Amino acid sequence: MLNIQSYVSLKPYNTFGIDAIARYWVTISHENDLYTLLHLTEFIETTKLIIGGGSNILLCQNFDGLVIKMNIQGIDLIREDDSHVYIKAGAGVNWHELVQFCVHNGYAGMENLSLIPGTVGAAPMQNIGAYGVELEQVFESLTAVHIASGEKRTFTHADCAFGYRESVFKRELKGQYVITDVTFQLDKHPTFHTRYGAIQETLTEMGVSESNLSIKAISEAVIRIRQSKLPDPAQIGNAGSFFKNPEISKVQFEALQTQYPALPGYPIGDDVVKVPAGWLIEQAGWKGYRSGGAGVHAKQSLVLVNYGNATGDEILHLAKQVQDSVKDKFGVVISPEVNVI
Ligand code: EPU
């Protein structure tokens with residue numbers, strides 16, 4: 001049953017906790033309701049915004065259209081062979097709930113992606129990633145519905161054109177499809193990814209060594225690290241990393257490194273180096289900065305926070321100041337990872 005509501009506050013539905021109003025609002029819990037909705041003549045022309053957990057959006061104004069909150073549930077094992085299991089999850093499934101389901105059942109591959117806020121349907125949009133693993137490494141396919149025609153389509157890995165925090169759904173097909181479910185390929189025999197950042201150190205602190213290493217232990221280590229650095233949106237509004245880590249030329253990187261020898265960098269291919277925006281922002285003096293309700297998180301400068309009553313515009317203004325100062329100091333352009341609406 002479709003229940004289309006008017007003038008709904010979006011404050012509980014975005015992790016930044018911004019108080020913007022949706023002209024129309026509907027929750028979709030079944031695929032059939034989506035088809036019904038997309039065929040309603042009175043909404044065909046209406047601008048639509050699809051949201052999952054609202055953990056990657058910054059609302060800078062009221063939304064004068066229809067917000068569609070995807071809430072399709074269900075986690076099912078649909079196929080398995082000697083080495084893999086294939087798990088299909090509804091777009092509205094909470095991401096971490098899916099990770100826990102997999103870890104609990106011994107299905108390996110997602111454990112490094114523990115505790116990322118958001119939903120399954122939003123995860124492929126920006127190819128979520130953390131601690132050395134990206135969604136695309138466990139992705140098999142997804143189902144999406146074309147908003148204009150109501151037609152259903154399966155997207156393979158290649159169709160999604162994944163990149164660093166990128167996919168076809170953020171580029172060529174932006175705003176055109178609603179993802180309804182995603183199928184993941186998990187390993188029965190784990191390959192452990194423990195080399196990123198503090199994972200190994202945290203495992204050692206937990207008393208885990210090579211002999212008792214497990215996907216459960218990695219998941220717990222990642223949860224510990226995230227909880228120690230990243231603000232809990234239930235306590236302080238935020239959308240995780242506000243910016244992407246910029247990729248610069250090797251020549252520019254080497255020039256910067258002569259000036260700033262501590263500048264970290266991760267080579268991508270022969271001529272490109274990815275540098276942590278958090279480092280640049282911290283060096284530009286923003287770590288822990290606060291102006292009114294908007295701020296830069298004190299433990300991770302890549303995260304902008306809403307201390308309570310900030311508007312989307314205040315956060316955006318701070319983001320622009322940060323971008324300008326990083327550009328002035330280092331000559332590097334950092335761009336938002338968060339979807340500004
Ligand atoms: N750093 C600083 N100062 C800071 C933040 C980071 O100097 O304030 C330095 C760290 O010391 C380290 C480097 O930057 O040398 C990398 O830091 P970290 O491992 O915390 O990762 P990140 O590059 O800042 C990325 C993702 C995060 C993800 C972590 C861990 C992006 C945009 N962000 O952050 O993703 O959790 O790696 O894999 O790629 C998210 O997307 O919302 C998110 C939180």
# chains A, B, ... in the order shown; residues from 1 in each chain; ligands from 1

call {"tool": "residues_around", "arguments": {"residues": "region 128-131 of chain A", "least_positions_apart": "4", "cutoff": "10 Å", "atoms": "only C-alpha atoms", "output": "number ranges by chain"}}
result
A: 110-116, 118, 122-124, 135-137, 163-166, 193-199, 222, 225-226

call {"tool": "residues_near_ligand", "arguments": {"ligand": "ligand 1", "cutoff": "8 Å", "atoms": "only C-alpha atoms and all ligand atoms", "output": "JSON list (two decimals) with N, CA, C and O atoms, in the first residue's frame"}}
result
[["chain", "number", "residue", "atom", "x", "y", "z"],
["A", 56, "ASN", "N", 24.73, 9.86, 2.95],
["A", 56, "ASN", "CA", 25.70, 10.47, 2.04],
["A", 56, "ASN", "C", 25.11, 11.69, 1.33],
["A", 56, "ASN", "O", 25.46, 11.98, 0.20],
["A", 116, "ILE", "N", 29.88, 0.65, 8.22],
["A", 116, "ILE", "CA", 29.64, 1.79, 7.32],
["A", 116, "ILE", "C", 28.15, 2.11, 7.40],
["A", 116, "ILE", "O", 27.32, 1.22, 7.25],
["A", 128, "ILE", "N", 31.08, 1.98, -2.06],
["A", 128, "ILE", "CA", 31.62, 2.24, -0.72],
["A", 128, "ILE", "C", 32.91, 1.44, -0.47],
["A", 128, "ILE", "O", 33.08, 0.34, -1.02],
["A", 129, "GLY", "N", 33.76, 2.01, 0.34],
["A", 129, "GLY", "CA", 35.04, 1.34, 0.58],
["A", 129, "GLY", "C", 35.60, 1.73, 1.92],
["A", 129, "GLY", "O", 35.30, 2.80, 2.44],
["A", 130, "ALA", "N", 36.39, 0.85, 2.48],
["A", 130, "ALA", "CA", 37.09, 1.15, 3.73],
["A", 130, "ALA", "C", 38.12, 0.08, 4.02],
["A", 130, "ALA", "O", 37.92, -1.08, 3.67],
["A", 131, "TYR", "N", 39.22, 0.50, 4.64],
["A", 131, "TYR", "CA", 40.25, -0.42, 5.14],
["A", 131, "TYR", "C", 40.70, -1.44, 4.10],
["A", 131, "TYR", "O", 40.80, -2.63, 4.36],
["A", 132, "GLY", "N", 40.95, -0.91, 2.90],
["A", 132, "GLY", "CA", 41.57, -1.73, 1.87],
["A", 132, "GLY", "C", 40.61, -2.55, 1.02],
["A", 132, "GLY", "O", 41.07, -3.35, 0.18],
["A", 133, "VAL", "N", 39.31, -2.41, 1.21],
["A", 133, "VAL", "CA", 38.34, -3.18, 0.42],
["A", 133, "VAL", "C", 37.27, -2.23, -0.12],
["A", 133, "VAL", "O", 36.86, -1.30, 0.56],
["A", 164, "TYR", "N", 36.80, 4.68, -7.86],
["A", 164, "TYR", "CA", 36.95, 5.10, -6.46],
["A", 164, "TYR", "C", 35.79, 6.02, -6.08],
["A", 164, "TYR", "O", 35.65, 7.10, -6.61],
["A", 165, "ARG", "N", 34.93, 5.54, -5.20],
["A", 165, "ARG", "CA", 33.70, 6.25, -4.79],
["A", 165, "ARG", "C", 32.87, 6.70, -6.00],
["A", 165, "ARG", "O", 32.26, 7.76, -6.00],
["A", 196, "TYR", "N", 45.84, -2.61, 5.78],
["A", 196, "TYR", "CA", 45.51, -1.19, 5.79],
["A", 196, "TYR", "C", 45.59, -0.59, 7.20],
["A", 196, "TYR", "O", 45.04, -1.14, 8.16],
["A", 197, "GLY", "N", 46.24, 0.57, 7.26],
["A", 197, "GLY", "CA", 46.24, 1.40, 8.47],
["A", 197, "GLY", "C", 46.44, 0.63, 9.75],
["A", 197, "GLY", "O", 47.40, -0.14, 9.90],
["A", 198, "ALA", "N", 45.50, 0.84, 10.66],
["A", 198, "ALA", "CA", 45.67, 0.32, 12.03],
["A", 198, "ALA", "C", 45.11, -1.08, 12.24],
["A", 198, "ALA", "O", 45.03, -1.54, 13.38],
["A", 226, "ARG", "N", 36.85, 2.36, 13.60],
["A", 226, "ARG", "CA", 35.84, 3.34, 13.17],
["A", 226, "ARG", "C", 35.28, 4.09, 14.37],
["A", 226, "ARG", "O", 35.09, 5.30, 14.34],
["A", 229, "LYS", "N", 37.54, 6.86, 15.68],
["A", 229, "LYS", "CA", 37.87, 8.03, 14.84],
["A", 229, "LYS", "C", 36.66, 8.75, 14.29],
["A", 229, "LYS", "O", 36.71, 9.94, 14.00],
["A", 230, "LEU", "N", 35.61, 7.97, 13.98],
["A", 230, "LEU", "CA", 34.50, 8.56, 13.24],
["A", 230, "LEU", "C", 33.33, 8.83, 14.16],
["A", 230, "LEU", "O", 32.98, 7.98, 14.98],
["A", 239, "ALA", "N", 28.20, 12.85, 7.63],
["A", 239, "ALA", "CA", 27.97, 11.92, 6.53],
["A", 239, "ALA", "C", 29.27, 11.20, 6.17],
["A", 239, "ALA", "O", 29.58, 10.98, 5.01],
["A", 240, "GLY", "N", 30.03, 10.84, 7.19],
["A", 240, "GLY", "CA", 31.32, 10.18, 6.93],
["A", 240, "GLY", "C", 32.25, 11.16, 6.22],
["A", 240, "GLY", "O", 32.17, 12.38, 6.44],
["A", 241, "SER", "N", 33.11, 10.63, 5.38],
["A", 241, "SER", "CA", 34.03, 11.51, 4.64],
["A", 241, "SER", "C", 33.22, 12.51, 3.82],
["A", 241, "SER", "O", 32.38, 12.09, 3.04],
["A", 242, "PHE", "N", 33.51, 13.78, 4.01],
["A", 242, "PHE", "CA", 32.79, 14.78, 3.20],
["A", 242, "PHE", "C", 33.44, 14.92, 1.83],
["A", 242, "PHE", "O", 32.78, 15.17, 0.83],
["A", 243, "PHE", "N", 34.77, 14.73, 1.80],
["A", 243, "PHE", "CA", 35.53, 14.87, 0.55],
["A", 243, "PHE", "C", 36.12, 13.54, 0.11],
["A", 243, "PHE", "O", 36.34, 12.65, 0.93],
["A", 244, "LYS", "N", 36.40, 13.45, -1.18],
["A", 244, "LYS", "CA", 37.15, 12.30, -1.68],
["A", 244, "LYS", "C", 38.64, 12.60, -1.53],
["A", 244, "LYS", "O", 39.05, 13.77, -1.49],
["A", 245, "ASN", "N", 39.44, 11.57, -1.47],
["A", 245, "ASN", "CA", 40.89, 11.78, -1.48],
["A", 245, "ASN", "C", 41.31, 12.12, -2.90],
["A", 245, "ASN", "O", 41.02, 11.35, -3.83],
["A", 264, "PRO", "N", 51.62, 12.01, 3.08],
["A", 264, "PRO", "CA", 51.43, 10.61, 2.68],
["A", 264, "PRO", "C", 50.91, 10.53, 1.24],
["A", 264, "PRO", "O", 50.27, 11.46, 0.76],
["A", 275, "VAL", "N", 46.32, 11.21, -2.50],
["A", 275, "VAL", "CA", 46.77, 11.76, -1.21],
["A", 275, "VAL", "C", 45.57, 11.91, -0.28],
["A", 275, "VAL", "O", 44.47, 12.19, -0.72],
["A", 276, "PRO", "N", 45.77, 11.70, 1.03],
["A", 276, "PRO", "CA", 44.64, 11.79, 1.95],
["A", 276, "PRO", "C", 44.21, 13.24, 2.17],
["A", 276, "PRO", "O", 44.98, 14.05, 2.70],
["A", 277, "ALA", "N", 42.97, 13.53, 1.77],
["A", 277, "ALA", "CA", 42.44, 14.88, 1.97],
["A", 277, "ALA", "C", 42.46, 15.25, 3.45],
["A", 277, "ALA", "O", 42.68, 16.41, 3.81],
["A", 278, "GLY", "N", 42.26, 14.24, 4.32],
["A", 278, "GLY", "CA", 42.26, 14.50, 5.77],
["A", 278, "GLY", "C", 43.58, 15.12, 6.22],
["A", 278, "GLY", "O", 43.60, 16.02, 7.05],
["A", 279, "TRP", "N", 44.67, 14.64, 5.66],
["A", 279, "TRP", "CA", 46.00, 15.18, 6.01],
["A", 279, "TRP", "C", 46.11, 16.63, 5.55],
["A", 279, "TRP", "O", 46.56, 17.51, 6.30],
["A", 280, "LEU", "N", 45.71, 16.88, 4.30],
["A", 280, "LEU", "CA", 45.79, 18.24, 3.75],
["A", 280, "LEU", "C", 44.95, 19.21, 4.59],
["A", 280, "LEU", "O", 45.37, 20.32, 4.91],
["A", 281, "ILE", "N", 43.74, 18.76, 4.96],
["A", 281, "ILE", "CA", 42.82, 19.62, 5.71],
["A", 281, "ILE", "C", 43.39, 19.89, 7.11],
["A", 281, "ILE", "O", 43.35, 21.02, 7.60],
["A", 282, "GLU", "N", 43.93, 18.85, 7.70],
["A", 282, "GLU", "CA", 44.53, 19.03, 9.04],
["A", 282, "GLU", "C", 45.70, 20.02, 8.98],
["A", 282, "GLU", "O", 45.81, 20.94, 9.78],
["A", 283, "GLN", "N", 46.58, 19.84, 7.97],
["A", 283, "GLN", "CA", 47.74, 20.74, 7.83],
["A", 283, "GLN", "C", 47.32, 22.17, 7.52],
["A", 283, "GLN", "O", 48.04, 23.11, 7.82],
["A", 287, "LYS", "N", 41.45, 21.04, 11.58],
["A", 287, "LYS", "CA", 41.03, 19.93, 12.46],
["A", 287, "LYS", "C", 40.42, 20.48, 13.75],
["A", 287, "LYS", "O", 41.03, 21.30, 14.44],
["A", 297, "HIS", "N", 35.56, 17.57, 12.15],
["A", 297, "HIS", "CA", 35.70, 16.62, 13.27],
["A", 297, "HIS", "C", 37.11, 16.66, 13.86],
["A", 297, "HIS", "O", 38.10, 16.75, 13.14],
["A", 298, "ALA", "N", 37.19, 16.57, 15.19],
["A", 298, "ALA", "CA", 38.48, 16.72, 15.87],
["A", 298, "ALA", "C", 39.39, 15.49, 15.71],
["A", 298, "ALA", "O", 40.59, 15.59, 15.92],
["A", 299, "LYS", "N", 38.81, 14.34, 15.32],
["A", 299, "LYS", "CA", 39.66, 13.14, 15.19],
["A", 299, "LYS", "C", 39.87, 12.71, 13.76],
["A", 299, "LYS", "O", 40.67, 11.80, 13.50],
["A", 300, "GLN", "N", 39.14, 13.30, 12.81],
["A", 300, "GLN", "CA", 39.28, 12.93, 11.40],
["A", 300, "GLN", "C", 38.79, 14.12, 10.57],
["A", 300, "GLN", "O", 37.59, 14.36, 10.46],
["A", 301, "SER", "N", 39.75, 14.85, 10.00],
["A", 301, "SER", "CA", 39.42, 16.12, 9.33],
["A", 301, "SER", "C", 38.61, 15.97, 8.06],
["A", 301, "SER", "O", 38.13, 16.96, 7.50],
["A", 302, "LEU", "N", 38.50, 14.75, 7.57],
["A", 302, "LEU", "CA", 37.75, 14.52, 6.34],
["A", 302, "LEU", "C", 36.25, 14.57, 6.59],
["A", 302, "LEU", "O", 35.45, 14.61, 5.66],
["A", 303, "VAL", "N", 35.89, 14.57, 7.87],
["A", 303, "VAL", "CA", 34.48, 14.50, 8.25],
["A", 303, "VAL", "C", 34.00, 15.87, 8.73],
["A", 303, "VAL", "O", 34.57, 16.42, 9.69],
["A", 337, "GLU", "N", 32.52, 14.17, -1.64],
["A", 337, "GLU", "CA", 32.09, 12.80, -1.86],
["A", 337, "GLU", "C", 30.58, 12.75, -1.63],
["A", 337, "GLU", "O", 29.86, 11.97, -2.22]]

call {"tool": "atom_distance", "arguments": {"atom1": "CA of Val85 (chain A)", "atom2": "CA of Phe184 (chain A)"}}
result
8.1 Å

call {"tool": "closest_residue", "arguments": {"among": "A:Ile44, A:Leu318, A:Ile57, A:Val273", "to": "Gly150 (chain A)", "atoms": "only C-alpha atoms"}}
result
A:Ile44

call {"tool": "residues_around", "arguments": {"residues": "region 61-64 of chain A", "least_positions_apart": "5", "cutoff": "10 Å", "atoms": "only C-alpha atoms", "output": "number ranges by chain"}}
result
A: 7-10, 18-25, 46-49, 311-313, 340-341

call {"tool": "write_last_selection", "arguments": {"atoms": "C-alpha atoms", "output": "mmCIF file, in the first residue's frame"}}
result
data_model
loop_
_atom_site.group_PDB
_atom_site.id
_atom_site.type_symbol
_atom_site.label_atom_id
_atom_site.label_comp_id
_atom_site.auth_asym_id
_atom_site.auth_seq_id
_atom_site.Cartn_x
_atom_site.Cartn_y
_atom_site.Cartn_z
ATOM 1 C CA TYR A 7 5.432 18.168 4.046
ATOM 2 C CA VAL A 8 7.548 15.658 5.902
ATOM 3 C CA SER A 9 10.632 16.731 7.878
ATOM 4 C CA LEU A 10 13.728 14.949 6.585
ATOM 5 C CA ILE A 18 19.570 18.713 8.632
ATOM 6 C CA ASP A 19 16.019 19.918 9.051
ATOM 7 C CA ALA A 20 14.702 20.228 5.471
ATOM 8 C CA ILE A 21 11.141 19.525 4.369
ATOM 9 C CA ALA A 22 10.058 17.145 1.588
ATOM 10 C CA ARG A 23 6.988 18.315 -0.377
ATOM 11 C CA TYR A 24 6.020 14.646 -0.831
ATOM 12 C CA TRP A 25 7.323 11.537 0.901
ATOM 13 C CA THR A 46 7.612 15.390 -10.193
ATOM 14 C CA THR A 47 11.329 15.607 -9.344
ATOM 15 C CA LYS A 48 12.321 12.577 -7.315
ATOM 16 C CA LEU A 49 14.997 11.984 -4.702
ATOM 17 C CA THR A 311 21.773 24.349 8.134
ATOM 18 C CA GLY A 312 22.928 22.599 4.988
ATOM 19 C CA ASP A 313 24.182 25.942 3.693
ATOM 20 C CA VAL A 340 24.806 18.048 -2.183
ATOM 21 C CA ILE A 341 21.074 18.595 -2.771
#

call {"tool": "atom_distance", "arguments": {"atom1": "CA of Ser209 (chain A)", "atom2": "CA of His84 (chain A)"}}
result
25.6 Å

call {"tool": "closest_residue", "arguments": {"among": "A:Thr15, A:Thr191, A:Gln100, A:Gln259", "to": "Leu304 (chain A)", "atoms": "only C-alpha atoms"}}
result
A:Thr15

call {"tool": "closest_residue", "arguments": {"among": "A:Gly265, A:Pro190, A:Gly237, A:Gly285", "to": "Lys11 (chain A)", "atoms": "only C-alpha atoms"}}
result
A:Gly237

call {"tool": "residues_around", "arguments": {"residues": "Glu31 (chain A)", "least_positions_apart": "5", "cutoff": "12 Å", "atoms": "only C-alpha atoms", "output": "PyMOL selection string"}}
result
chain A and resi 1-2+36-38+70-74+90-92+143-145+150-152+178-181

call {"tool": "write_last_selection", "arguments": {"atoms": "N, CA, C and O atoms", "output": "CSV table (one decimal), in the first residue's frame"}}
result
chain,number,residue,atom,x,y,z
A,1,MET,N,0.8,-1.2,0.0
A,1,MET,CA,0.0,0.0,0.0
A,1,MET,C,0.9,1.3,0.0
A,1,MET,O,1.7,1.4,0.8
A,2,LEU,N,0.6,2.1,-0.9
A,2,LEU,CA,1.4,3.4,-1.0
A,2,LEU,C,0.8,4.4,-0.1
A,2,LEU,O,-0.4,4.6,-0.1
A,36,THR,N,4.0,0.6,-9.0
A,36,THR,CA,2.7,1.4,-8.9
A,36,THR,C,3.0,2.9,-8.8
A,36,THR,O,2.4,3.7,-9.5
A,37,LEU,N,4.0,3.2,-8.0
A,37,LEU,CA,4.4,4.7,-7.8
A,37,LEU,C,4.8,5.3,-9.1
A,37,LEU,O,4.4,6.4,-9.5
A,38,LEU,N,5.7,4.6,-9.8
A,38,LEU,CA,6.2,5.2,-11.0
A,38,LEU,C,5.2,5.3,-12.1
A,38,LEU,O,5.4,6.0,-13.1
A,70,MET,N,13.8,4.1,0.3
A,70,MET,CA,13.8,2.6,-0.1
A,70,MET,C,13.9,1.8,1.2
A,70,MET,O,14.9,1.9,2.0
A,71,ASN,N,13.0,0.9,1.4
A,71,ASN,CA,12.9,0.1,2.6
A,71,ASN,C,12.7,-1.4,2.3
A,71,ASN,O,12.3,-2.1,3.2
A,72,ILE,N,13.0,-1.8,1.1
A,72,ILE,CA,12.9,-3.2,0.7
A,72,ILE,C,13.8,-4.1,1.5
A,72,ILE,O,15.0,-3.8,1.5
A,73,GLN,N,13.3,-5.0,2.3
A,73,GLN,CA,14.1,-5.9,3.2
A,73,GLN,C,14.4,-7.2,2.5
A,73,GLN,O,14.0,-7.5,1.4
A,74,GLY,N,15.1,-8.1,3.3
A,74,GLY,CA,15.3,-9.4,2.8
A,74,GLY,C,16.8,-9.7,2.6
A,74,GLY,O,17.4,-9.0,1.8
A,90,GLY,N,17.8,-6.9,-0.1
A,90,GLY,CA,17.0,-5.8,-0.5
A,90,GLY,C,17.6,-4.5,-0.3
A,90,GLY,O,18.5,-4.3,0.6
A,91,ALA,N,17.2,-3.5,-1.2
A,91,ALA,CA,17.9,-2.2,-1.1
A,91,ALA,C,17.8,-1.5,0.2
A,91,ALA,O,18.7,-0.7,0.6
A,92,GLY,N,16.8,-1.8,1.0
A,92,GLY,CA,16.6,-1.1,2.3
A,92,GLY,C,17.3,-1.8,3.4
A,92,GLY,O,17.2,-1.3,4.6
A,143,THR,N,19.7,-5.3,-9.3
A,143,THR,CA,18.5,-5.0,-10.0
A,143,THR,C,18.1,-3.6,-9.8
A,143,THR,O,18.2,-3.1,-8.7
A,144,ALA,N,17.7,-2.9,-10.9
A,144,ALA,CA,17.3,-1.5,-10.7
A,144,ALA,C,16.1,-1.3,-11.6
A,144,ALA,O,15.9,-2.0,-12.6
A,145,VAL,N,15.3,-0.3,-11.3
A,145,VAL,CA,14.1,0.1,-12.1
A,145,VAL,C,14.3,1.4,-12.7
A,145,VAL,O,14.8,2.4,-12.0
A,150,GLY,N,9.7,2.7,-15.9
A,150,GLY,CA,9.3,1.6,-15.0
A,150,GLY,C,9.9,0.3,-15.3
A,150,GLY,O,9.5,-0.7,-14.8
A,151,GLU,N,10.8,0.2,-16.3
A,151,GLU,CA,11.4,-1.1,-16.7
A,151,GLU,C,12.5,-1.6,-15.7
A,151,GLU,O,13.3,-0.8,-15.3
A,152,LYS,N,12.5,-2.9,-15.5
A,152,LYS,CA,13.5,-3.5,-14.6
A,152,LYS,C,14.7,-3.9,-15.4
A,152,LYS,O,14.6,-4.4,-16.5
A,178,VAL,N,16.4,3.4,-9.9
A,178,VAL,CA,16.3,3.1,-8.4
A,178,VAL,C,16.8,1.6,-8.3
A,178,VAL,O,16.2,0.7,-8.9
A,179,ILE,N,17.7,1.5,-7.4
A,179,ILE,CA,18.2,0.1,-7.1
A,179,ILE,C,17.3,-0.6,-6.1
A,179,ILE,O,16.9,0.0,-5.1
A,180,THR,N,16.9,-1.8,-6.5
A,180,THR,CA,15.9,-2.5,-5.6
A,180,THR,C,16.5,-3.7,-4.8
A,180,THR,O,16.1,-4.0,-3.8
A,181,ASP,N,17.5,-4.3,-5.4
A,181,ASP,CA,18.3,-5.3,-4.7
A,181,ASP,C,19.7,-5.5,-5.2
A,181,ASP,O,19.9,-5.1,-6.4

call {"tool": "atom_distance", "arguments": {"atom1": "CA of Arg290 (chain A)", "atom2": "CA of Asn306 (chain A)"}}
result
9.5 Å

call {"tool": "select_by_dssp", "arguments": {"residues": "region 121-320 of chain A", "states": "alpha helix (DSSP H)", "output": "PyMOL selection string"}}
result
chain A and resi 157-160+199-205+215-229+250-259+277-283+312-320

call {"tool": "closest_residue", "arguments": {"among": "A:Leu213, A:Lys69, A:Gln5, A:Ala284", "to": "His30 (chain A)", "atoms": "only C-alpha atoms"}}
result
A:Lys69
